[in-house]
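Let me begin by presenting the structure, written as structure tokens, before commenting on it.
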Amino acid sequence: MNIRAKELSKIYGSGENRIIALNKADMEIRSGDFISIMGPSGSGKSTLLHLLSGLDHPTSGSLTYDGKDIYGMSDKELSAFRRQRIGFIFQQFNLLPVLTAQENIAMPMLLDKKQPDIAYLNELADLLGISKRLTHLPHELSGGQQQRVAIARALIAKPDIIFADEPTGNLDSKSGGEVMEMLQNIRGKMGKTLVIITHDVRIARMADRQFVIMDGVVTENPVRS
Ligand code: ADP
Ligand code: MG
């Protein structure tokens, strides 16, 4: 899937409180890209990721997926499109506390009135090292395990692209490292596009294309030799 953002902007507030969170971002994301986006706190990283993934609407600018303007879709259409084509991983995991790991993973399918592919769910659990944790509730899992459940949930509908907003931001460096290793491994095996926001320069450098955002302005770093 080819994603094109043109002059994507997001402005919050007005008058003295006006904040240009994202300033005319131009980006093209090609199928299979592994992209990192780095920037200081408050620079607009989450805003950019929310707009690229259709979680939020821009103040101006356009976003197309394979030529289709996704902000032209109705809310219902866009939600369905997101559930089927886009996986999102949050810093805070965002698991539902009353559901088991397996139920959390299956949730996007159930919302779409579809049965999860159980063989695929088990394969994901295996790749993510959580097979023995599927019947546990989130509070019975470590942070790293919760994030791995969230990764499986992001992948269950077999989306083309995964957006991850500081996925290791709430983890210690060891579990963060494991989560990154698994994400990369799965990306390679399944040929997914991965767009990841990070504070961590080591993670940013794993990516094939590296972007930086400062005060809402997005630029791509030249490729390392
Ligand atoms: P980052 O993820 O890089 O820390 P954000 O994208 O969350 O940054 O925020 C970018 C800027 O937009 C910040 O100045 C932030 O305070 C502001 N901002 C983010 N969301 C809102 C909102 N819902 N209302 C008002 N301002 C917001
Ligand atoms: Mg953020």
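Convention: chains lettered A, B, ... in structure tokens order; per-chain residue numbering from 1; ligands numbered from 1 as shown.
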Residue contacts of Leu8 of chain A (10 Å, only C-alpha atoms) excluding same-chain residues fewer than 2 positions away, as number ranges by chain: A: 4-6, 10, 22-27, 48, 51-52, 57-63
Test item: residues at most 6 Å from segment 179-191 of chain A, only C-alpha atoms, excluding those fewer than 2 positions along its chain, as a ChimeraX atom specification: /A:32,176-177
Shell of 9 Å around ligand 1 (only C-alpha atoms and all ligand atoms), written as a ChimeraX atom specification: /A:10-13,17-22,38-50,165-166,197,213-216
Alpha helix (DSSP H) residues, from DSSP on the backbone, in segment 54-215 of chain A, as a ChimeraX atom specification: /A:75-85,101-111,118-127,143-155,173-190,201-204
Export of prior selection with C-alpha atoms as an mmCIF file, in the first residue's frame:
```cif
data_model
loop_
_atom_site.group_PDB
_atom_site.id
_atom_site.type_symbol
_atom_site.label_atom_id
_atom_site.label_comp_id
_atom_site.auth_asym_id
_atom_site.auth_seq_id
_atom_site.Cartn_x
_atom_site.Cartn_y
_atom_site.Cartn_z
ATOM 1 C CA ASP A 75 -16.469 7.898 9.979
ATOM 2 C CA LYS A 76 -17.942 4.413 9.682
ATOM 3 C CA GLU A 77 -16.049 3.656 6.468
ATOM 4 C CA LEU A 78 -12.822 5.002 7.928
ATOM 5 C CA SER A 79 -13.164 2.926 11.131
ATOM 6 C CA ALA A 80 -13.690 -0.219 9.086
ATOM 7 C CA PHE A 81 -10.761 0.669 6.824
ATOM 8 C CA ARG A 82 -8.542 1.216 9.855
ATOM 9 C CA ARG A 83 -9.585 -2.067 11.484
ATOM 10 C CA GLN A 84 -8.880 -4.038 8.315
ATOM 11 C CA ARG A 85 -5.782 -2.370 6.908
ATOM 12 C CA ALA A 101 -4.814 -11.701 26.384
ATOM 13 C CA GLN A 102 -6.436 -13.886 23.716
ATOM 14 C CA GLU A 103 -9.691 -11.899 23.851
ATOM 15 C CA ASN A 104 -7.771 -8.636 23.561
ATOM 16 C CA ILE A 105 -5.914 -9.960 20.516
ATOM 17 C CA ALA A 106 -9.158 -11.078 18.857
ATOM 18 C CA MET A 107 -10.999 -7.812 19.609
ATOM 19 C CA PRO A 108 -10.423 -6.032 16.238
ATOM 20 C CA MET A 109 -11.904 -9.044 14.423
ATOM 21 C CA LEU A 110 -14.940 -9.211 16.696
ATOM 22 C CA LEU A 111 -15.538 -5.472 16.203
ATOM 23 C CA ILE A 118 -7.107 -19.103 15.398
ATOM 24 C CA ALA A 119 -4.166 -20.789 13.672
ATOM 25 C CA TYR A 120 -2.797 -17.330 12.813
ATOM 26 C CA LEU A 121 -3.477 -16.066 16.343
ATOM 27 C CA ASN A 122 -1.482 -18.994 17.729
ATOM 28 C CA GLU A 123 1.321 -18.356 15.250
ATOM 29 C CA LEU A 124 1.504 -14.720 16.365
ATOM 30 C CA ALA A 125 1.438 -15.720 20.036
ATOM 31 C CA ASP A 126 4.269 -18.125 19.318
ATOM 32 C CA LEU A 127 6.376 -15.534 17.485
ATOM 33 C CA GLY A 143 4.763 -4.616 30.689
ATOM 34 C CA GLY A 144 6.747 -6.340 27.959
ATOM 35 C CA GLN A 145 4.186 -9.157 27.749
ATOM 36 C CA GLN A 146 1.311 -6.655 27.601
ATOM 37 C CA GLN A 147 3.001 -4.852 24.740
ATOM 38 C CA ARG A 148 3.521 -8.158 22.929
ATOM 39 C CA VAL A 149 -0.214 -8.874 23.331
ATOM 40 C CA ALA A 150 -0.873 -5.413 21.888
ATOM 41 C CA ILE A 151 1.399 -6.226 18.933
ATOM 42 C CA ALA A 152 -0.547 -9.427 18.259
ATOM 43 C CA ARG A 153 -3.775 -7.401 18.427
ATOM 44 C CA ALA A 154 -2.317 -4.937 15.910
ATOM 45 C CA LEU A 155 -1.543 -7.833 13.544
ATOM 46 C CA SER A 173 15.560 -1.424 28.207
ATOM 47 C CA LYS A 174 15.610 -5.235 28.296
ATOM 48 C CA SER A 175 11.906 -5.748 27.552
ATOM 49 C CA GLY A 176 12.012 -2.800 25.157
ATOM 50 C CA GLY A 177 14.824 -4.507 23.275
ATOM 51 C CA GLU A 178 12.847 -7.757 23.126
ATOM 52 C CA VAL A 179 9.751 -5.974 21.846
ATOM 53 C CA MET A 180 11.784 -4.252 19.115
ATOM 54 C CA GLU A 181 13.469 -7.487 18.117
ATOM 55 C CA MET A 182 10.085 -9.221 17.778
ATOM 56 C CA LEU A 183 8.564 -6.335 15.846
ATOM 57 C CA GLN A 184 11.453 -6.395 13.397
ATOM 58 C CA ASN A 185 11.360 -10.154 13.112
ATOM 59 C CA ILE A 186 7.624 -10.146 12.353
ATOM 60 C CA ARG A 187 7.996 -7.270 9.923
ATOM 61 C CA GLY A 188 10.641 -9.214 8.007
ATOM 62 C CA LYS A 189 8.710 -12.501 8.057
ATOM 63 C CA MET A 190 5.361 -11.023 7.084
ATOM 64 C CA VAL A 201 18.330 6.821 18.535
ATOM 65 C CA ARG A 202 19.338 3.127 18.477
ATOM 66 C CA ILE A 203 15.800 2.160 17.481
ATOM 67 C CA ALA A 204 15.577 5.001 14.971
#
```
Two-atom distance - atom CA of Glu28 of chain A, atom CA of Met1 of chain A (Å):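 Result for atom CA of Glu28 of chain A versus atom CA of Met1 of chain A: 10.7 Å, one decimal.
If only C-alpha atoms are the atoms counted, then among A:Gly67, A:Gly129, A:Pro167, A:Gly72 the closest residue to Asn94 of chain A is A:Pro167.
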